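With compact mmCIF, C-alpha atoms inside, this is model.txt:
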```
# COMPACT_ATOMS: atom_id res chain seq x y z
CA MET A 646 -48.78 8.92 -63.29
CA LYS A 647 -45.72 7.91 -61.27
CA ILE A 648 -44.41 10.77 -59.18
CA GLU A 649 -40.84 10.57 -57.93
CA PRO A 650 -38.52 13.44 -57.00
CA LYS A 651 -35.31 13.43 -59.02
CA ILE A 652 -31.99 15.22 -58.89
CA LEU A 653 -32.25 17.00 -62.23
CA ASN A 654 -28.51 17.52 -62.66
CA TYR A 655 -27.57 14.04 -61.40
CA ASP A 656 -25.40 13.17 -64.40
CA GLU A 657 -23.46 16.43 -64.21
CA LEU A 658 -22.74 15.96 -60.50
CA ALA A 659 -21.96 12.23 -60.52
CA THR A 660 -18.32 12.64 -61.58
CA SER A 661 -17.01 9.84 -59.36
CA ARG A 662 -18.27 6.57 -57.90
CA GLU A 663 -18.47 8.17 -54.44
CA LYS A 664 -20.50 11.15 -55.65
CA LYS A 665 -22.76 8.86 -57.64
CA ASP A 666 -23.44 6.75 -54.55
CA THR A 667 -24.04 9.84 -52.43
CA LEU A 668 -26.54 11.21 -54.93
CA SER A 669 -28.28 7.82 -55.17
CA ILE A 670 -28.67 7.71 -51.38
CA LEU A 671 -30.10 11.25 -51.34
CA GLU A 672 -32.48 10.55 -54.21
CA HIS A 673 -33.74 7.44 -52.42
CA GLY A 674 -34.44 9.57 -49.36
CA LEU A 675 -36.37 12.08 -51.45
CA LYS A 676 -38.55 9.34 -52.92
CA LYS A 677 -39.31 7.99 -49.45
CA SER A 678 -40.40 11.48 -48.38
CA LEU A 679 -43.54 11.28 -50.51
CA PRO A 680 -46.85 10.74 -48.68
CA LYS A 681 -48.40 8.27 -51.14
CA ASP A 682 -47.61 5.04 -49.28
CA ALA A 683 -48.30 6.54 -45.85
CA ILE A 684 -51.77 7.71 -46.89
CA SER A 685 -52.57 4.53 -48.84
CA ASP A 686 -51.69 2.43 -45.78
CA ILE A 687 -54.30 4.32 -43.75
CA PHE A 688 -57.10 3.41 -46.15
CA SER A 689 -58.82 0.02 -46.01
CA GLY A 690 -61.65 0.01 -48.48
CA ASN A 691 -63.76 3.05 -47.62
CA ARG A 692 -62.51 3.38 -44.08
CA LEU A 693 -59.54 4.95 -42.38
CA ARG A 694 -57.43 3.02 -39.90
CA LEU A 695 -56.09 5.44 -37.33
CA ASN A 696 -54.38 4.32 -34.11
CA GLY A 697 -56.11 0.95 -34.20
CA LYS A 698 -59.56 2.46 -34.77
CA ASN A 699 -61.67 2.44 -37.92
CA LEU A 700 -63.27 5.59 -39.27
CA GLU A 701 -66.10 4.55 -41.62
CA LEU A 702 -66.37 7.09 -44.42
CA ASP A 703 -69.78 5.81 -45.52
CA ARG A 704 -71.38 7.11 -42.34
CA TYR A 705 -70.89 10.71 -43.47
CA SER A 706 -73.02 12.59 -45.99
CA SER A 707 -69.89 13.64 -47.86
CA VAL A 708 -66.09 13.55 -47.69
CA ASN A 709 -64.30 16.85 -48.28
CA VAL A 710 -60.67 17.96 -48.07
CA VAL A 711 -58.74 21.03 -47.04
CA SER A 712 -55.14 20.40 -48.03
CA ILE A 713 -52.41 22.94 -47.28
CA GLY A 714 -48.65 22.90 -47.75
CA LYS A 715 -45.88 21.94 -50.14
CA SER A 716 -47.32 18.43 -50.40
CA ALA A 717 -50.95 19.56 -50.45
CA ASP A 718 -51.67 18.68 -54.09
CA LEU A 719 -50.10 15.23 -53.84
CA MET A 720 -51.83 14.43 -50.53
CA ALA A 721 -55.19 15.45 -51.98
CA LYS A 722 -54.51 13.48 -55.16
CA VAL A 723 -53.83 10.28 -53.20
CA VAL A 724 -56.94 10.72 -51.04
CA ASN A 725 -59.03 11.40 -54.14
CA GLU A 726 -57.79 8.13 -55.63
CA ARG A 727 -58.84 6.16 -52.53
CA THR A 728 -62.27 7.69 -51.89
CA ARG A 729 -64.64 10.06 -53.65
CA ILE A 730 -64.12 13.67 -52.61
CA ARG A 731 -67.21 15.82 -52.97
CA SER A 732 -65.34 19.11 -52.69
CA GLY A 733 -62.06 20.53 -51.54
CA ILE A 734 -59.50 23.32 -51.36
CA VAL A 735 -55.79 22.82 -52.02
CA VAL A 736 -53.27 25.55 -51.14
CA ILE A 737 -49.74 25.26 -52.57
CA PRO A 738 -46.84 27.70 -53.13
CA GLU A 739 -46.87 30.09 -56.07
CA GLY A 740 -44.94 28.73 -59.03
CA MET A 741 -45.77 25.10 -58.28
CA ALA A 742 -47.64 23.03 -60.88
CA SER A 743 -50.53 21.17 -59.23
CA LEU A 744 -50.68 17.38 -59.40
CA ILE A 745 -54.39 17.20 -58.72
CA HIS A 746 -56.78 17.99 -61.57
CA SER A 747 -60.39 17.76 -60.47
CA LYS A 748 -63.36 20.05 -60.98
CA ARG A 749 -64.36 19.29 -57.40
CA VAL A 750 -61.16 20.74 -55.99
CA THR A 751 -60.13 24.42 -56.00
CA VAL A 752 -56.37 25.01 -56.16
CA ILE A 753 -55.02 28.24 -54.64
CA ARG A 754 -51.40 29.36 -54.92
CA ALA A 755 -50.12 31.54 -52.11
CA GLY A 756 -46.92 33.06 -50.70
CA HIS A 757 -43.96 31.25 -49.19
CA PRO A 758 -41.83 31.72 -47.09
CA VAL A 759 -43.43 35.12 -46.47
CA PRO A 760 -47.25 35.36 -46.56
CA THR A 761 -48.87 37.46 -49.27
CA LYS A 762 -52.35 38.77 -50.08
CA LYS A 763 -53.01 35.40 -51.67
CA SER A 764 -52.24 33.75 -48.33
CA VAL A 765 -54.94 35.92 -46.76
CA LEU A 766 -57.31 35.06 -49.61
CA ALA A 767 -56.63 31.36 -48.99
CA ALA A 768 -57.54 31.73 -45.32
CA HIS A 769 -60.81 33.46 -46.15
CA LYS A 770 -61.67 30.85 -48.78
CA ILE A 771 -61.02 28.00 -46.34
CA LEU A 772 -63.15 29.58 -43.60
CA GLN A 773 -65.96 30.17 -46.10
CA PHE A 774 -65.63 26.57 -47.31
CA LEU A 775 -65.77 25.13 -43.78
CA ASN A 776 -68.78 27.26 -42.85
CA GLY A 777 -70.64 25.87 -45.85
CA LEU A 778 -70.29 22.19 -44.88
CA GLU A 779 -73.30 20.44 -43.39
CA PRO A 780 -73.00 18.99 -39.85
CA THR A 781 -73.13 15.44 -41.21
CA ALA A 782 -70.13 15.94 -43.51
CA LEU A 783 -66.52 14.92 -42.92
CA VAL A 784 -63.60 17.21 -43.71
CA MET A 785 -60.15 15.69 -43.98
CA PHE A 786 -57.42 18.22 -43.31
CA LEU A 787 -54.18 17.28 -45.09
CA ILE A 788 -51.34 19.30 -43.62
CA SER A 789 -47.69 19.56 -44.72
CA GLY A 790 -44.74 21.95 -44.39
CA GLY A 791 -45.19 25.50 -45.63
CA THR A 792 -48.71 25.86 -44.22
CA SER A 793 -47.83 28.69 -41.80
CA SER A 794 -47.01 31.05 -44.66
CA LEU A 795 -49.47 29.75 -47.24
CA VAL A 796 -52.52 30.44 -45.06
CA SER A 797 -52.37 33.69 -43.13
CA LEU A 798 -55.02 35.87 -41.51
CA PRO A 799 -53.42 38.57 -39.33
CA ASP A 800 -55.26 39.44 -36.13
CA GLY A 801 -55.14 43.06 -35.00
CA ILE A 802 -52.21 43.88 -37.30
CA SER A 803 -51.75 44.51 -41.02
CA LEU A 804 -50.38 42.03 -43.54
CA GLY A 805 -47.37 44.33 -43.95
CA ASP A 806 -46.66 44.12 -40.22
CA LYS A 807 -46.94 40.33 -40.37
CA GLN A 808 -44.60 40.16 -43.37
CA ARG A 809 -42.03 42.36 -41.66
CA ILE A 810 -41.85 40.39 -38.40
CA ASN A 811 -41.95 37.10 -40.30
CA THR A 812 -38.91 38.09 -42.39
CA SER A 813 -37.03 39.32 -39.31
CA LEU A 814 -37.65 36.03 -37.50
CA ILE A 815 -36.50 33.93 -40.46
CA LYS A 816 -33.23 35.87 -40.70
CA SER A 817 -32.63 35.92 -36.94
CA GLY A 818 -31.65 32.27 -36.58
CA ALA A 819 -34.76 31.46 -34.54
CA SER A 820 -35.99 27.87 -34.65
CA ILE A 821 -39.23 27.02 -36.44
CA LYS A 822 -40.82 26.40 -33.02
CA GLU A 823 -39.96 29.94 -31.98
CA ILE A 824 -41.02 31.47 -35.29
CA ASN A 825 -44.36 29.67 -35.17
CA CYS A 826 -44.94 30.72 -31.56
CA VAL A 827 -44.93 34.36 -32.65
CA ARG A 828 -46.98 33.60 -35.76
CA LYS A 829 -49.70 31.86 -33.74
CA HIS A 830 -50.21 34.88 -31.51
CA LEU A 831 -50.70 37.21 -34.46
CA SER A 832 -53.21 35.06 -36.33
CA GLN A 833 -56.94 34.39 -36.57
CA VAL A 834 -56.39 30.84 -37.88
CA LYS A 835 -53.19 29.40 -36.38
CA GLY A 836 -52.89 27.56 -33.08
CA GLY A 837 -56.20 25.75 -33.63
CA ARG A 838 -58.24 28.88 -34.27
CA LEU A 839 -59.12 27.75 -37.80
CA ILE A 840 -61.41 25.03 -36.42
CA GLU A 841 -62.76 26.79 -33.31
CA ASN A 842 -66.23 27.06 -34.84
CA LEU A 843 -66.17 23.95 -37.02
CA ALA A 844 -69.64 22.39 -37.08
CA CYS A 845 -68.95 19.15 -38.96
CA HIS A 846 -66.81 16.07 -38.28
CA ALA A 847 -63.09 16.31 -39.03
CA VAL A 848 -59.76 14.53 -38.93
CA SER A 849 -56.30 15.86 -39.75
CA LEU A 850 -53.48 13.89 -41.41
CA VAL A 851 -50.16 15.62 -40.86
CA MET A 852 -46.67 15.39 -42.37
CA SER A 853 -44.15 16.66 -39.83
CA ASP A 854 -41.59 19.22 -40.95
CA VAL A 855 -40.35 20.13 -37.46
CA VAL A 856 -37.82 18.57 -35.11
CA GLY A 857 -39.66 16.78 -32.31
CA ASP A 858 -42.87 16.30 -34.33
CA ASP A 859 -44.87 18.56 -31.99
CA LEU A 860 -48.37 18.95 -33.42
CA SER A 861 -48.70 22.40 -31.85
CA VAL A 862 -45.65 23.53 -33.86
CA ILE A 863 -46.22 21.76 -37.21
CA ALA A 864 -48.03 24.20 -39.51
CA SER A 865 -48.36 26.48 -36.45
CA GLY A 866 -50.88 24.00 -35.03
CA ILE A 867 -53.52 25.16 -37.49
CA THR A 868 -55.80 22.13 -36.88
CA TYR A 869 -54.53 21.33 -33.39
CA CYS A 870 -53.99 23.76 -30.49
CA ASP A 871 -51.22 25.82 -28.95
CA LYS A 872 -48.96 25.18 -25.94
CA SER A 873 -47.24 28.58 -26.07
CA THR A 874 -48.31 31.96 -24.73
CA PHE A 875 -48.09 35.66 -25.54
CA SER A 876 -45.34 35.86 -22.92
CA ASP A 877 -43.38 33.21 -24.82
CA ALA A 878 -43.74 35.24 -28.03
CA LYS A 879 -42.43 38.34 -26.25
CA ARG A 880 -39.43 36.45 -24.86
CA ILE A 881 -38.54 35.16 -28.35
CA LEU A 882 -38.53 38.65 -29.86
CA LEU A 883 -36.29 39.88 -27.06
CA LYS A 884 -34.04 36.80 -27.25
CA TYR A 885 -33.15 37.56 -30.87
CA ASP A 886 -32.90 41.31 -30.29
CA LEU A 887 -35.84 42.03 -32.57
CA ARG A 888 -37.54 44.69 -30.47
CA LYS A 889 -36.43 47.49 -32.81
CA ASP A 890 -37.47 45.51 -35.88
CA THR A 891 -40.91 44.71 -34.48
CA PRO A 892 -43.70 46.91 -35.86
CA LYS A 893 -45.51 48.82 -33.09
CA PRO A 894 -48.91 47.12 -33.72
CA VAL A 895 -47.23 43.70 -33.36
CA TRP A 896 -45.50 44.63 -30.09
CA ASP A 897 -48.68 46.26 -28.74
CA ARG A 898 -50.74 43.19 -29.54
CA ILE A 899 -48.30 40.86 -27.79
CA LEU A 900 -48.31 43.12 -24.72
CA MET A 901 -52.12 43.14 -24.72
CA GLY A 902 -52.12 39.35 -24.84
CA GLU A 903 -49.59 39.14 -22.03
CA LYS A 904 -51.90 41.33 -19.91
CA ARG A 905 -54.84 39.05 -20.85
CA LEU A 906 -56.69 41.89 -22.54
CA ILE A 907 -57.22 39.64 -25.58
CA PRO A 908 -57.85 35.85 -25.63
CA GLU A 909 -55.03 33.33 -25.65
CA THR A 910 -54.79 30.68 -28.38
CA PRO A 911 -56.83 27.46 -27.84
CA LYS A 912 -55.11 25.07 -25.42
CA LYS A 913 -57.06 21.87 -26.18
CA PRO A 914 -57.46 20.10 -29.56
CA ARG A 915 -60.99 19.89 -30.97
CA ILE A 916 -60.33 17.17 -33.56
CA GLU A 917 -58.01 14.18 -33.95
CA ASN A 918 -54.63 14.92 -35.54
CA HIS A 919 -52.44 12.07 -36.80
CA ILE A 920 -48.81 12.35 -37.89
CA ILE A 921 -48.37 10.04 -40.88
CA LEU A 922 -44.79 10.80 -41.96
CA THR A 923 -41.69 12.35 -40.35
CA ASN A 924 -38.11 13.20 -41.31
CA ARG A 925 -36.94 9.96 -39.72
CA ASP A 926 -38.69 7.92 -42.45
CA PRO A 927 -36.46 9.04 -45.37
CA VAL A 928 -33.33 8.93 -43.18
CA VAL A 929 -33.99 5.28 -42.24
CA ALA A 930 -34.55 4.52 -45.94
CA MET A 931 -31.23 6.21 -46.78
CA ARG A 932 -29.44 4.06 -44.22
CA SER A 933 -30.80 0.92 -45.89
CA LYS A 934 -29.81 2.20 -49.33
CA ALA A 935 -26.25 3.00 -48.19
CA ARG A 936 -25.83 -0.44 -46.67
CA LYS A 937 -27.03 -2.07 -49.88
CA LEU A 938 -24.36 -0.09 -51.72
CA GLY A 939 -21.75 -1.66 -49.45
CA TYR A 940 -21.11 1.14 -46.95
CA LYS A 941 -20.82 0.69 -43.21
CA THR A 942 -23.48 3.21 -42.25
CA ARG A 943 -24.31 5.22 -39.15
CA MET A 944 -27.47 7.30 -38.79
CA LEU A 945 -27.60 10.61 -36.90
CA TRP A 946 -31.09 11.97 -36.24
CA PRO A 947 -32.22 14.59 -35.63
CA VAL A 948 -29.64 17.23 -36.52
CA TYR A 949 -30.76 20.69 -35.44
CA GLY A 950 -29.66 24.04 -34.04
CA ASP A 951 -27.20 26.56 -35.45
CA VAL A 952 -25.57 25.37 -38.65
CA ARG A 953 -22.04 25.83 -37.27
CA GLY A 954 -22.76 23.68 -34.21
CA ALA A 955 -24.43 21.02 -36.34
CA ALA A 956 -21.40 20.92 -38.66
CA LEU A 957 -19.06 20.50 -35.70
CA LYS A 958 -21.14 17.63 -34.32
CA LEU A 959 -21.28 15.86 -37.67
CA SER A 960 -17.57 16.32 -38.34
CA LYS A 961 -16.71 14.74 -34.98
CA LEU A 962 -18.64 11.65 -36.08
CA PHE A 963 -16.80 11.57 -39.40
CA PRO A 964 -16.38 7.96 -40.58
CA LEU A 965 -12.66 7.16 -40.42
CA ARG A 966 -13.07 3.70 -41.90
CA LYS A 967 -12.99 3.24 -45.65
CA ASN A 968 -16.31 2.58 -47.40
CA SER A 969 -18.33 4.10 -44.58
CA CYS A 970 -20.84 6.93 -44.30
CA ILE A 971 -23.18 8.90 -42.07
CA VAL A 972 -26.76 9.60 -43.11
CA PHE A 973 -28.55 12.35 -41.22
CA GLY A 974 -31.71 14.40 -41.15
CA GLY A 975 -33.32 17.30 -39.34
CA GLU A 976 -33.23 21.05 -39.75
CA THR A 977 -30.56 23.58 -38.85
CA THR A 978 -30.85 27.34 -38.49
CA VAL A 979 -28.79 30.15 -40.00
CA LYS A 980 -28.48 33.68 -38.69
CA VAL A 981 -28.44 35.76 -41.87
CA THR A 982 -26.09 38.73 -41.60
CA GLY A 983 -24.82 38.86 -45.19
CA ARG A 984 -26.41 39.80 -48.50
CA GLY A 985 -25.56 36.72 -50.52
CA LYS A 986 -27.61 33.83 -51.85
CA GLY A 987 -27.69 30.51 -50.07
CA GLY A 988 -29.54 28.26 -47.68
CA ARG A 989 -29.01 26.18 -44.56
CA ASN A 990 -28.19 23.01 -46.53
CA GLN A 991 -25.54 24.64 -48.69
CA GLU A 992 -24.05 26.39 -45.66
CA LEU A 993 -24.04 23.13 -43.70
CA VAL A 994 -22.11 21.36 -46.47
CA LEU A 995 -19.50 24.12 -46.57
CA HIS A 996 -19.11 24.24 -42.80
CA ILE A 997 -18.68 20.44 -42.65
CA LEU A 998 -16.23 20.60 -45.54
CA LYS A 999 -14.19 23.21 -43.69
CA LYS A 1000 -14.09 21.04 -40.54
CA LEU A 1001 -13.07 17.90 -42.45
CA GLN A 1002 -10.10 19.50 -44.22
CA ASN A 1003 -7.99 18.67 -41.16
CA TYR A 1004 -8.46 14.93 -41.70
CA GLY A 1005 -6.83 14.92 -45.12
CA LEU A 1006 -9.13 12.11 -46.26
CA GLU A 1007 -11.20 11.91 -49.41
CA THR A 1008 -14.79 12.65 -48.46
CA VAL A 1009 -18.11 13.56 -50.07
CA VAL A 1010 -20.56 15.80 -48.18
CA ALA A 1011 -24.12 16.53 -49.33
CA SER A 1012 -27.31 17.95 -47.86
CA VAL A 1013 -30.67 18.89 -49.41
CA GLY A 1014 -34.07 20.20 -48.40
CA THR A 1015 -36.70 17.57 -49.15
CA ASP A 1016 -38.95 20.32 -50.55
CA GLY A 1017 -36.38 21.10 -53.25
CA ILE A 1018 -35.81 24.70 -52.15
CA ASP A 1019 -32.88 25.83 -50.01
CA GLY A 1020 -33.00 29.36 -48.63
CA ASN A 1021 -33.32 32.14 -51.19
CA THR A 1022 -32.07 29.99 -54.08
CA LYS A 1023 -33.58 27.56 -56.55
CA ALA A 1024 -31.16 24.85 -55.45
CA ALA A 1025 -32.29 22.05 -53.14
CA GLY A 1026 -28.86 21.95 -51.49
CA GLY A 1027 -25.32 21.03 -52.41
CA ILE A 1028 -22.64 18.37 -52.73
CA MET A 1029 -18.90 18.86 -52.31
CA THR A 1030 -15.76 16.77 -52.00
CA SER A 1031 -12.85 17.38 -49.65
CA GLY A 1032 -9.87 19.24 -51.05
CA MET A 1033 -11.97 22.01 -52.60
CA PRO A 1034 -10.37 25.50 -52.88
CA GLN A 1035 -10.37 27.41 -49.59
CA ALA A 1036 -9.64 30.84 -51.04
CA ASP A 1037 -13.20 32.18 -51.10
CA LEU A 1038 -14.86 29.66 -48.75
CA ASP A 1039 -14.68 31.86 -45.64
CA GLU A 1040 -15.77 34.92 -47.59
CA CYS A 1041 -18.82 33.09 -48.95
CA LEU A 1042 -19.83 31.85 -45.50
CA GLU A 1043 -19.34 35.31 -44.00
CA ASP A 1044 -21.70 36.84 -46.58
CA ASN A 1045 -24.21 33.94 -46.49
CA ASN A 1046 -23.27 33.38 -50.12
CA SER A 1047 -22.93 29.59 -50.19
CA PHE A 1048 -24.82 29.36 -53.48
CA TYR A 1049 -22.05 31.32 -55.24
CA TYR A 1050 -19.48 28.78 -54.04
CA MET A 1051 -21.70 25.86 -55.08
CA ARG A 1052 -22.23 27.23 -58.56
CA LYS A 1053 -18.57 28.16 -59.01
CA TYR A 1054 -17.38 24.66 -58.12
CA ASP A 1055 -20.28 22.69 -59.63
CA GLY A 1056 -21.86 21.55 -56.37
CA ALA A 1057 -25.43 22.93 -56.43
CA ILE A 1058 -28.13 20.24 -56.45
CA PHE A 1059 -31.37 20.97 -58.32
CA THR A 1060 -34.62 19.02 -57.99
CA GLY A 1061 -37.35 21.59 -58.57
CA HIS A 1062 -40.51 21.33 -56.48
CA THR A 1063 -40.68 17.82 -54.99
CA HIS A 1064 -44.31 17.99 -53.72
CA THR A 1065 -43.17 17.01 -50.25
CA ASN A 1066 -41.51 18.61 -47.22
CA LEU A 1067 -39.92 16.61 -44.39
CA MET A 1068 -37.10 18.99 -43.47
CA ASP A 1069 -33.55 18.16 -44.63
CA ILE A 1070 -31.52 15.03 -45.36
CA GLY A 1071 -27.79 14.57 -45.88
CA VAL A 1072 -24.85 12.23 -46.36
CA ILE A 1073 -21.15 12.23 -45.38
CA LEU A 1074 -19.38 9.45 -47.27
CA ARG A 1075 -15.79 8.23 -47.26
CA LYS A 1076 -14.30 6.42 -50.19
```
This entry written out as structure tokens:
Amino acid sequence: MKIEPKILNYDELATSREKKDTLSILEHGLKKSLPKDAISDIFSGNRLRLNGKNLELDRYSSVNVVSIGKSADLMAKVVNERTRIRSGIVVIPEGMASLIHSKRVTVIRAGHPVPTKKSVLAAHKILQFLNGLEPTALVMFLISGGTSSLVSLPDGISLGDKQRINTSLIKSGASIKEINCVRKHLSQVKGGRLIENLACHAVSLVMSDVVGDDLSVIASGITYCDKSTFSDAKRILLKYDLRKDTPKPVWDRILMGEKRLIPETPKKPRIENHIILTNRDPVVAMRSKARKLGYKTRMLWPVYGDVRGAALKLSKLFPLRKNSCIVFGGETTVKVTGRGKGGRNQELVLHILKKLQNYGLETVVASVGTDGIDGNTKAAGGIMTSGMPQADLDECLEDNNSFYYMRKYDGAIFTGHTHTNLMDIGVILRK
């Protein structure tokens, strides 16, 4: 079965040549975010080629997989097509239809973006699974974005405490690196702790959903290790003024760690981790697509930080020439103070749109999350043209209600679950 992410409301949105081209560029980027080619390129017969070395699969008594994240089912499906998996566990978000259908693989659906009891169940199941593998077996970890929430095993605190601090961090405007630093120091599995007692051989193939592609940050370093400390976690909570919102058991645990009364996270990796795909891959593909469509194209990567600052930076690079565009990728942050519905991609589009009004030129702006979900909405992102009504724009941004504006003016982009996650991609195009 051919699997390709699609913009489900493409025809409704493509009301002009410029919008059609913008959507085509975005859709091309989404397709190039899939892990199929990246994983297939690693396989050569029944061996893996990793950093110039061959890993012979026949030397092991069995090949098994633990696949976690928004692309977990697709990653496991591709591996299962290239070699025979004896057994495996796949953990994906609730509400997602699995692409892998095998009696040898158990599929678990867990919570995202906030961990749930099913996330805890997934952690226990994975630990039980790993403990049952013989020393001569190989386990292939397949890791993609969303892992930090999908597999959760709080250490010294309750699940409710973990949920509360997790939600506060997400709304605070903290970066994913900062959020995951705190997560790692409240967990029995993150920061490399999942594999501390692993008795068999292992390798981890990783899709990066973080700016900088730091293995200790991706998926909270679940199969790697951790560079951060309890002191770092404390500084992050204070930086975002979250002391009052931090449950007492969480604060107490971080203070205990700072005083070295409990062990730090592992600081050295136990197994090889290989990044197979990053956000730069779809952005480069988008640049090629835009050039083929006849646009003079500039690429900006990575785009990160507060959404307002990112919008300002992108607007300053606005293509003044006709038939030109910017393609970009990365991940911004939004400090949520309002009660509306929206996400960082939809907010980014509106902030850029607001900045570009001064130019008085006809422009199309679009941005989407490669996972198909933007913030607390079912939209992947949004697309807007310059000259849109300003009356309720500021009000929507003030209340973090960008989705209302997108729906009102027919700009919300829908893809559904894409079975991938490489942060965000976007386009600014001039007629």
Return the single residue from A:Ile863, A:Ile648, A:Ile971, A:Val979 that is closest to A:Asn1046, with distances computed using only C-alpha atoms.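 Closest residue, counting only C-alpha atoms: A:Val979.
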Do you know which residues are at most 12 Å from A:Arg915 counting all atoms listed in the file, after dropping those on the same chain fewer than 2 positions away, and could you put them as a count of residues only? 25
Find the spatial neighbours of stretch 712-718 of chain A, counting all atoms listed in the file, within a cut-off of 6 Å - ignore same-chain residues fewer than 6 positions away - and output them as a PyMOL selection string. chain A and resi 735-737+743-745+786-792+1064-1065
Contacts of A:Ser678 within 8 Å, only C-alpha atoms, excl. fewer than 4 positions in-chain, as a ChimeraX atom specification: /A:674,922,924,926-927,1015,1065-1067
Which residues are near A:Lys934? Cut-off 10 Å, only C-alpha atoms, ignore same chain within fewer than 5 positions. Put them as a VMD selection string. chain A and resid 666 669 to 671 673 to 674 928 to 929 939 to 940 942
Between atom CA of A:Ile916 and atom CA of A:Cys826, measure the distance and give it in Å to one decimal.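 Computing it gives 20.6 Å between the two atoms.
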Reconstruct N, CA and C atoms of stretch 853-870 of chain A from the incomplete input and present them as a compact mmCIF listing (two decimals), in the coordinates of the input.
```txt
# COMPACT_ATOMS: atom_id res chain seq x y z
N SER A 853 -44.92 15.82 -40.72
CA SER A 853 -44.15 16.66 -39.83
C SER A 853 -42.91 17.24 -40.50
N ASP A 854 -42.78 18.56 -40.43
CA ASP A 854 -41.59 19.22 -40.95
C ASP A 854 -40.87 19.97 -39.83
N VAL A 855 -41.04 19.50 -38.59
CA VAL A 855 -40.35 20.13 -37.46
C VAL A 855 -39.66 19.08 -36.60
N VAL A 856 -38.53 19.45 -36.02
CA VAL A 856 -37.82 18.57 -35.11
C VAL A 856 -38.67 18.35 -33.86
N GLY A 857 -38.85 17.09 -33.47
CA GLY A 857 -39.66 16.78 -32.31
C GLY A 857 -41.09 16.40 -32.64
N ASP A 858 -41.53 16.70 -33.87
CA ASP A 858 -42.87 16.30 -34.33
C ASP A 858 -43.99 16.77 -33.40
N ASP A 859 -43.87 17.99 -32.88
CA ASP A 859 -44.87 18.56 -31.99
C ASP A 859 -46.02 19.11 -32.82
N LEU A 860 -47.21 18.55 -32.63
CA LEU A 860 -48.37 18.95 -33.42
C LEU A 860 -48.75 20.42 -33.21
N SER A 861 -48.38 20.99 -32.08
CA SER A 861 -48.70 22.40 -31.85
C SER A 861 -47.74 23.32 -32.60
N VAL A 862 -46.64 22.74 -33.11
CA VAL A 862 -45.65 23.53 -33.86
C VAL A 862 -45.81 23.31 -35.36
N ILE A 863 -46.06 22.07 -35.78
CA ILE A 863 -46.22 21.76 -37.21
C ILE A 863 -47.34 22.62 -37.78
N ALA A 864 -47.03 23.35 -38.85
CA ALA A 864 -48.03 24.20 -39.51
C ALA A 864 -48.64 25.21 -38.54
N SER A 865 -47.88 25.58 -37.51
CA SER A 865 -48.36 26.48 -36.45
C SER A 865 -49.63 25.95 -35.79
N GLY A 866 -49.75 24.62 -35.73
CA GLY A 866 -50.88 24.00 -35.03
C GLY A 866 -52.23 24.40 -35.59
N ILE A 867 -52.31 24.58 -36.89
CA ILE A 867 -53.52 25.16 -37.49
C ILE A 867 -54.78 24.32 -37.26
N THR A 868 -54.64 22.99 -37.16
CA THR A 868 -55.80 22.13 -36.88
C THR A 868 -55.67 21.45 -35.52
N TYR A 869 -54.77 21.95 -34.70
CA TYR A 869 -54.53 21.33 -33.39
C TYR A 869 -54.83 22.35 -32.28
N CYS A 870 -53.84 22.75 -31.52
CA CYS A 870 -53.99 23.76 -30.49
C CYS A 870 -52.62 24.36 -30.23
```
